[in-house]
Amino acid sequence: MDRGAHEKRILISQLAESILNKPDGAFSSNAGQFHQEEHFSKEKKQADGSTSNEDRNGEEFFGRLSKMRMLLELANPEPKLLPFNDEHTARLAMVSLLAVFQDILPTYRIRLPTEAELTVRVSKDVKKTRDYERNLLSNYQSYLKLLAECWKNGQPKKAKNRKDFGSSPSPLAITAILSLCSLLKTAYLFNFRSNIVSIVIRSMNSKCEEVRTSCCDAVKDVFVKDTQGDVSLEIVQAISTMIKNRGYQVNADVIRTFLSLPLRVHEDEAEAAKIHEKAQKKKRKRDQERAAIEDELKEGSANVDKALLARAQAESLQAVLL
């Protein structure tokens, strides 16, 4: 292992530990701290014997990034500021980011303030919270995009000769999809859930057993933990669509995930849930702003809405059967 790669991995560990110890400092600039990591340029020197001004400028700018942005750059196999990240370094940064986000993400959806709300004067604490939540969403979205790209780019390439066709994704791609599976298990109530669901569902029928098992296990885990039923409904509908699009030619593991659905709805409860939902829709039309506030409060509440649960389970059952 060359020194540059070794030092990068030490930096990854230090950044992750620092963020976990003080999440509020994850998004502030690290200007002036990059001098400790000047050896990054040695990778480029070892490769071609020189370091260009462009490389040095990129490394200096890297040193001014926030800790979270540094980790995202180190997790990228094709970084914009650093000369090169080997696959092991990128995977280490990727799983370190996973541990960080699993620790700091709240168990509710963040709603950013509207333009009208931004014009109202607020206290310093409120502004600080808003800035933190905005940065958290932005960096989390960047992480999800990176995972999606690594998973997509790491698929086995088709070859003219079938013997040359690789059956498994690259190690980096597998790390990316396993990270998405872990996020689905722990952050299914947070923002960008649909982004994760779409990728995991498409990968449930993977030829790679490790990927297929992890995706199916993540889905089953959500089925068991989802007390309100709305997330399960979204996933069931996505699975049903995927199965139909594949002409019902899917691995048995995909079908077995439905066995983990805790369906307890009866016909009369389903009918009552549909009637209740129609009444709620009319009410929301009369007072959309109040309904939006109620929905937000409901998302943050641990109480189970039995009517909504019955409706979600009834629709889930319908999606499974059809």
# chains A, B, ... in the order shown; residues from 1 in each chain; ligands from 1
$ select_by_dssp --residues "range 48-267 of chain A" --states "alpha helix (DSSP H)" --output "ChimeraX atom specification"
/A:48,53-62,67-75,87-104,115-118,124-153,171-186,193-203,209-225,230-245,252-256,267
$ residues_around --residues "range 243-245 of chain A" --least-positions-apart "2" --cutoff "10 Å" --atoms "only C-alpha atoms" --output "PyMOL selection string"
chain A and resi 201-202+205+237-241+247-251+254-255+322
$ residues_around --residues "Pro23 in chain A" --least-positions-apart "3" --cutoff "10 Å" --atoms "only C-alpha atoms" --output "PyMOL selection string"
chain A and resi 16-20+26-27+67-68+100-101+103-104+132+136
$ write_last_selection --atoms "N, CA and C atoms" --output "short mmCIF file (atom, residue, chain, number, x, y, z; two decimals), in the first residue's frame"
data_model
loop_
_atom_site.label_atom_id
_atom_site.label_comp_id
_atom_site.auth_asym_id
_atom_site.auth_seq_id
_atom_site.Cartn_x
_atom_site.Cartn_y
_atom_site.Cartn_z
N ALA A 16 -14.74 10.73 9.93
CA ALA A 16 -15.96 10.06 10.40
C ALA A 16 -16.10 10.18 11.92
N GLU A 17 -15.02 9.98 12.63
CA GLU A 17 -15.06 10.07 14.09
C GLU A 17 -15.38 11.49 14.53
N SER A 18 -14.82 12.47 13.84
CA SER A 18 -15.06 13.88 14.18
C SER A 18 -16.52 14.25 13.97
N ILE A 19 -17.11 13.78 12.88
CA ILE A 19 -18.52 14.10 12.60
C ILE A 19 -19.43 13.43 13.62
N LEU A 20 -19.14 12.19 13.96
CA LEU A 20 -19.97 11.47 14.93
C LEU A 20 -19.90 12.13 16.31
N ALA A 26 -20.09 19.17 10.97
CA ALA A 26 -19.86 18.37 9.77
C ALA A 26 -19.88 19.19 8.49
N PHE A 27 -20.59 20.33 8.52
CA PHE A 27 -20.80 21.08 7.29
C PHE A 27 -20.06 22.41 7.25
N LYS A 67 -16.10 18.71 6.38
CA LYS A 67 -15.72 17.32 6.66
C LYS A 67 -16.59 16.35 5.86
N MET A 68 -17.88 16.66 5.76
CA MET A 68 -18.77 15.77 5.02
C MET A 68 -18.43 15.75 3.54
N VAL A 100 -22.03 7.26 9.42
CA VAL A 100 -22.30 8.63 9.85
C VAL A 100 -23.76 8.99 9.66
N PHE A 101 -24.30 8.74 8.46
CA PHE A 101 -25.69 9.11 8.19
C PHE A 101 -26.67 8.28 9.03
N ASP A 103 -26.24 7.40 11.92
CA ASP A 103 -26.18 7.93 13.28
C ASP A 103 -26.85 9.30 13.39
N ILE A 104 -26.74 10.15 12.37
CA ILE A 104 -27.20 11.53 12.51
C ILE A 104 -28.54 11.82 11.84
N TYR A 132 -28.55 23.73 9.29
CA TYR A 132 -28.08 22.36 9.50
C TYR A 132 -28.93 21.37 8.70
N LEU A 136 -27.71 19.03 5.70
CA LEU A 136 -27.86 17.59 5.88
C LEU A 136 -28.56 16.98 4.67
#
$ closest_residue --among "A:Pro262, A:Cys216, A:Arg130, A:Lys185" --to "Glu117 in chain A" --atoms "only C-alpha atoms"
A:Arg130
$ closest_residue --among "A:Arg69, A:Ile12, A:Asp131, A:Cys215" --to "Leu118 in chain A" --atoms "only C-alpha atoms"
A:Asp131
$ closest_residue --among "A:Ser96, A:Asn21, A:Gln102, A:Ser232" --to "Thr175 in chain A" --atoms "only C-alpha atoms"
A:Ser96
$ residues_around --residues "Ile199 in chain A" --least-positions-apart "4" --cutoff "10 Å" --atoms "only C-alpha atoms" --output "count of residues only"
12
$ closest_residue --among "A:Tyr188, A:Phe258, A:Phe84, A:Tyr140" --to "Thr227 in chain A" --atoms "only C-alpha atoms"
A:Tyr188
$ decode --residues "range 96-128 of chain A" --atoms "N, CA and C atoms" --output "short mmCIF file (atom, residue, chain, number, x, y, z; two decimals), in the first residue's frame"
data_model
loop_
_atom_site.label_atom_id
_atom_site.label_comp_id
_atom_site.auth_asym_id
_atom_site.auth_seq_id
_atom_site.Cartn_x
_atom_site.Cartn_y
_atom_site.Cartn_z
N SER A 96 -18.03 4.44 5.69
CA SER A 96 -17.89 5.41 6.79
C SER A 96 -19.02 6.43 6.72
N LEU A 97 -19.35 6.87 5.52
CA LEU A 97 -20.48 7.79 5.33
C LEU A 97 -21.79 7.12 5.73
N LEU A 98 -21.91 5.84 5.43
CA LEU A 98 -23.11 5.10 5.83
C LEU A 98 -23.27 5.12 7.34
N ALA A 99 -22.19 4.84 8.06
CA ALA A 99 -22.25 4.85 9.53
C ALA A 99 -22.59 6.23 10.05
N VAL A 100 -22.03 7.26 9.42
CA VAL A 100 -22.30 8.63 9.85
C VAL A 100 -23.76 8.99 9.66
N PHE A 101 -24.30 8.74 8.46
CA PHE A 101 -25.69 9.11 8.19
C PHE A 101 -26.67 8.28 9.03
N GLN A 102 -26.37 7.02 9.23
CA GLN A 102 -27.25 6.21 10.07
C GLN A 102 -27.30 6.74 11.50
N ASP A 103 -26.24 7.40 11.92
CA ASP A 103 -26.18 7.93 13.28
C ASP A 103 -26.85 9.30 13.39
N ILE A 104 -26.74 10.15 12.37
CA ILE A 104 -27.20 11.53 12.51
C ILE A 104 -28.54 11.82 11.84
N LEU A 105 -29.03 10.92 10.99
CA LEU A 105 -30.31 11.18 10.34
C LEU A 105 -31.45 11.07 11.36
N PRO A 106 -32.39 12.01 11.35
CA PRO A 106 -33.55 11.90 12.25
C PRO A 106 -34.54 10.86 11.73
N THR A 107 -35.47 10.48 12.57
CA THR A 107 -36.46 9.46 12.18
C THR A 107 -37.74 10.09 11.66
N TYR A 108 -37.63 11.26 11.05
CA TYR A 108 -38.77 11.94 10.46
C TYR A 108 -38.30 12.70 9.23
N ARG A 109 -39.24 13.07 8.39
CA ARG A 109 -38.90 13.83 7.18
C ARG A 109 -38.64 15.29 7.54
N ILE A 110 -37.63 15.86 6.92
CA ILE A 110 -37.32 17.27 7.10
C ILE A 110 -38.07 18.08 6.05
N ARG A 111 -38.77 19.10 6.51
CA ARG A 111 -39.45 20.01 5.57
C ARG A 111 -38.72 21.33 5.58
N LEU A 112 -38.13 21.68 4.44
CA LEU A 112 -37.43 22.95 4.34
C LEU A 112 -38.43 24.10 4.32
N PRO A 113 -38.06 25.26 4.85
CA PRO A 113 -38.98 26.41 4.88
C PRO A 113 -39.29 26.92 3.47
N THR A 114 -40.50 27.41 3.30
CA THR A 114 -40.90 27.99 2.03
C THR A 114 -40.28 29.38 1.87
N GLU A 115 -40.40 29.95 0.67
CA GLU A 115 -39.86 31.29 0.43
C GLU A 115 -40.52 32.31 1.35
N ALA A 116 -41.82 32.14 1.57
CA ALA A 116 -42.54 33.06 2.46
C ALA A 116 -42.02 32.94 3.89
N GLU A 117 -41.77 31.71 4.32
CA GLU A 117 -41.27 31.49 5.68
C GLU A 117 -39.86 32.04 5.87
N LEU A 118 -39.08 32.05 4.80
CA LEU A 118 -37.72 32.56 4.89
C LEU A 118 -37.67 34.07 5.07
N THR A 119 -38.74 34.74 4.68
CA THR A 119 -38.76 36.20 4.82
C THR A 119 -39.06 36.64 6.26
N VAL A 120 -39.52 35.72 7.09
CA VAL A 120 -39.86 36.04 8.48
C VAL A 120 -38.60 35.95 9.35
N ARG A 121 -38.42 36.96 10.20
CA ARG A 121 -37.27 36.96 11.10
C ARG A 121 -37.42 35.85 12.15
N VAL A 122 -36.33 35.14 12.37
CA VAL A 122 -36.36 34.04 13.34
C VAL A 122 -35.15 34.18 14.26
N SER A 123 -35.15 33.43 15.32
CA SER A 123 -34.04 33.47 16.27
C SER A 123 -32.81 32.80 15.67
N LYS A 124 -31.66 33.01 16.30
CA LYS A 124 -30.42 32.42 15.84
C LYS A 124 -30.47 30.89 15.90
N ASP A 125 -31.14 30.38 16.92
CA ASP A 125 -31.24 28.93 17.06
C ASP A 125 -32.05 28.32 15.93
N VAL A 126 -33.14 29.00 15.56
CA VAL A 126 -33.98 28.49 14.46
C VAL A 126 -33.20 28.54 13.15
N LYS A 127 -32.50 29.64 12.93
CA LYS A 127 -31.70 29.77 11.70
C LYS A 127 -30.60 28.71 11.65
N LYS A 128 -29.98 28.45 12.79
CA LYS A 128 -28.94 27.44 12.86
C LYS A 128 -29.50 26.06 12.53
#
